[in-house]
Amino acid sequence: MALAVAASSLPTSFLPSLTSSSPTNRLPNRRVSSTRISALVPGPKESTKVQYTPWLIAGLGNPGNKYHGTRHNVGFEMIDSISRAEGIAMNMIQSKSLIGIGSIGEVPILLVKPQSYMNYSGEAVGPLAAYYQIPLRHILLVYDEMSLPNGVLKVQPKGGHGHHNGVKSVIEHLDNCRNFPRLCIGIGNPPGTMDMRAFLLQKFSSEEREQIDSALEQGVEAVRTLVLRGFSQGIDRFNLVQRYKYHKV
């Protein structure tokens, strides 16, 4: 996979043209002047100017084959799932991150997989959010959550770090602001007296893997709903279904 390493050599348009068939335009070589992106939508008599606010969607994890498929890397897996579903190539590097530029519907998105290791995720996410002037309400952080059963998802408009070092690092690099959305992916708790670090860096059992694969598909739909409709009743229904999806009635 060819990677574009230097942002200075990339074109000046942050996000793909909404009239273009290509979802993978390159990154800019300068700061965008506004987080609003305009598109002309033909009306019955004249074109109507529509504005979109881009989303930055960052999945947390650790780089390298050593960590591939582990519980702590489900954030990376969600970004990969969105990338495949929306046809967005993850083929550029900027701010210690592997990134992809594209859109969901006509809403521009920036997919991010920090390569700075979990505990330093903020060193990647913070500068990207500042460079592209993404408002906090449009920064979606995707990460593993031990307080949720394996394969259960939850979308939240804001929250703390819950002792998750990756989330803690992101908060610190967003000027200690916590008011940004999250998509939490449940991985369950360590069994018995198992060490937490060993549990996080362990791969899923076959049954757990099936639950996670199903959750990733559902997560893509949740992200689409959030990007296109915001925190609507659709997200409320999603959270309710997720909460009880393994309950037997």
# chains A, B, ... in the order shown; residues from 1 in each chain; ligands from 1

call {"tool": "residues_around", "arguments": {"residues": "stretch 163-169 of chain A", "least_positions_apart": "5", "cutoff": "6 Å", "atoms": "only C-alpha atoms", "output": "number ranges by chain"}}
result
A: 118-122

call {"tool": "select_by_dssp", "arguments": {"residues": "stretch 55-149 of chain A", "states": "alpha helix (DSSP H)", "output": "PDB file with C-alpha atoms, in the first residue's frame"}}
result
ATOM      1  CA  VAL A  74     -11.162  -2.867  18.281  1.00  0.00           C
ATOM      2  CA  GLY A  75     -11.115   0.889  17.651  1.00  0.00           C
ATOM      3  CA  PHE A  76      -8.771   0.270  14.727  1.00  0.00           C
ATOM      4  CA  GLU A  77     -11.065  -2.497  13.491  1.00  0.00           C
ATOM      5  CA  MET A  78     -14.060  -0.158  13.472  1.00  0.00           C
ATOM      6  CA  ILE A  79     -12.155   2.355  11.334  1.00  0.00           C
ATOM      7  CA  ASP A  80     -11.228  -0.464   8.941  1.00  0.00           C
ATOM      8  CA  SER A  81     -14.905  -1.480   8.755  1.00  0.00           C
ATOM      9  CA  ILE A  82     -16.021   2.083   7.967  1.00  0.00           C
ATOM     10  CA  SER A  83     -13.221   2.374   5.413  1.00  0.00           C
ATOM     11  CA  ARG A  84     -14.393  -0.762   3.582  1.00  0.00           C
ATOM     12  CA  ALA A  85     -18.081   0.098   3.800  1.00  0.00           C
ATOM     13  CA  GLU A  86     -17.639   3.630   2.445  1.00  0.00           C
ATOM     14  CA  GLY A 122      -3.845  12.450  21.877  1.00  0.00           C
ATOM     15  CA  GLU A 123      -0.549  13.361  20.222  1.00  0.00           C
ATOM     16  CA  ALA A 124      -2.166  12.293  16.943  1.00  0.00           C
ATOM     17  CA  VAL A 125      -5.809  13.302  17.393  1.00  0.00           C
ATOM     18  CA  GLY A 126      -5.269  16.718  18.997  1.00  0.00           C
ATOM     19  CA  PRO A 127      -3.096  18.220  16.235  1.00  0.00           C
ATOM     20  CA  LEU A 128      -5.356  16.827  13.484  1.00  0.00           C
ATOM     21  CA  ALA A 129      -8.451  18.356  15.084  1.00  0.00           C
ATOM     22  CA  ALA A 130      -6.649  21.689  15.400  1.00  0.00           C
ATOM     23  CA  TYR A 131      -5.177  21.613  11.879  1.00  0.00           C
TER      24      TYR A 131
END

call {"tool": "residues_around", "arguments": {"residues": "A:Arg137", "least_positions_apart": "5", "cutoff": "7 Å", "atoms": "only C-alpha atoms", "output": "number ranges by chain"}}
result
A: 179-181

call {"tool": "write_last_selection", "arguments": {"atoms": "N, CA and C atoms", "output": "short mmCIF file (atom, residue, chain, number, x, y, z; two decimals), in the first residue's frame"}}
result
data_model
loop_
_atom_site.label_atom_id
_atom_site.label_comp_id
_atom_site.auth_asym_id
_atom_site.auth_seq_id
_atom_site.Cartn_x
_atom_site.Cartn_y
_atom_site.Cartn_z
N ASN A 179 -16.26 17.16 25.97
CA ASN A 179 -17.55 17.21 25.27
C ASN A 179 -17.43 16.83 23.79
N PHE A 180 -16.96 15.62 23.55
CA PHE A 180 -16.92 15.10 22.18
C PHE A 180 -17.55 13.70 22.18
N PRO A 181 -18.17 13.31 21.07
CA PRO A 181 -18.87 12.02 20.99
C PRO A 181 -17.93 10.82 21.05
#

call {"tool": "closest_atom_pairs", "arguments": {"of": "stretch 144-193 of chain A", "to": "stretch 241-246 of chain A", "cutoff": "8 Å", "atoms": "only C-alpha atoms", "output": "Markdown table"}}
result
| residue | atom | partner | partner_atom | distance |
| --- | --- | --- | --- | --- |
| A:Val152 | CA | A:Gln242 | CA | 5.7 |
| A:Leu153 | CA | A:Gln242 | CA | 5.9 |
| A:Lys154 | CA | A:Gln242 | CA | 7.1 |

call {"tool": "write_last_selection", "arguments": {"atoms": "N, CA, C and O atoms", "output": "mmCIF file, in the first residue's frame"}}
result
data_model
loop_
_atom_site.group_PDB
_atom_site.id
_atom_site.type_symbol
_atom_site.label_atom_id
_atom_site.label_comp_id
_atom_site.auth_asym_id
_atom_site.auth_seq_id
_atom_site.Cartn_x
_atom_site.Cartn_y
_atom_site.Cartn_z
ATOM 1 N N VAL A 152 -21.153 -5.420 22.792
ATOM 2 C CA VAL A 152 -22.212 -4.427 23.005
ATOM 3 C C VAL A 152 -21.645 -3.034 22.746
ATOM 4 O O VAL A 152 -20.556 -2.706 23.214
ATOM 5 N N LEU A 153 -22.387 -2.232 21.990
ATOM 6 C CA LEU A 153 -21.932 -0.893 21.614
ATOM 7 C C LEU A 153 -22.737 0.183 22.343
ATOM 8 O O LEU A 153 -23.879 -0.042 22.741
ATOM 9 N N LYS A 154 -22.129 1.350 22.463
ATOM 10 C CA LYS A 154 -22.829 2.488 23.066
ATOM 11 C C LYS A 154 -22.297 3.775 22.460
ATOM 12 O O LYS A 154 -21.089 3.993 22.421
#

call {"tool": "atom_distance", "arguments": {"atom1": "atom CA of A:Glu207", "atom2": "atom CA of A:Gln115"}}
result
28.8 Å

call {"tool": "atom_distance", "arguments": {"atom1": "atom CA of A:Leu111", "atom2": "atom CA of A:Asp144"}}
result
17.1 Å

call {"tool": "closest_residue", "arguments": {"among": "A:Asn73, A:Ser205, A:Ser116, A:Gln51", "to": "A:Val142", "atoms": "only C-alpha atoms"}}
result
A:Asn73

call {"tool": "residues_around", "arguments": {"residues": "A:Gln211", "least_positions_apart": "2", "cutoff": "10 Å", "atoms": "only C-alpha atoms", "output": "number ranges by chain"}}
result
A: 150-152, 186-187, 204-209, 213-216

call {"tool": "atom_distance", "arguments": {"atom1": "atom CA of A:Leu201", "atom2": "atom CA of A:Ser147"}}
result
16.5 Å

call {"tool": "closest_residue", "arguments": {"among": "A:Asn189, A:Gln218, A:Thr225, A:Gln156", "to": "A:Ile104", "atoms": "only C-alpha atoms"}}
result
A:Thr225

call {"tool": "residues_around", "arguments": {"residues": "A:Leu200", "least_positions_apart": "2", "cutoff": "8 Å", "atoms": "only C-alpha atoms", "output": "VMD selection string"}}
result
chain A and resid 70 to 72 196 to 198 202

call {"tool": "write_last_selection", "arguments": {"atoms": "C-alpha atoms", "output": "CSV table (one decimal), in the first residue's frame"}}
result
chain,number,residue,atom,x,y,z
A,70,THR,CA,-6.5,-7.9,20.2
A,71,ARG,CA,-9.2,-6.5,22.5
A,72,HIS,CA,-7.5,-3.2,22.8
A,196,MET,CA,-5.9,-6.4,33.0
A,197,ARG,CA,-3.0,-5.6,30.6
A,198,ALA,CA,-2.8,-9.3,29.6
A,202,GLN,CA,-5.3,-11.0,24.3
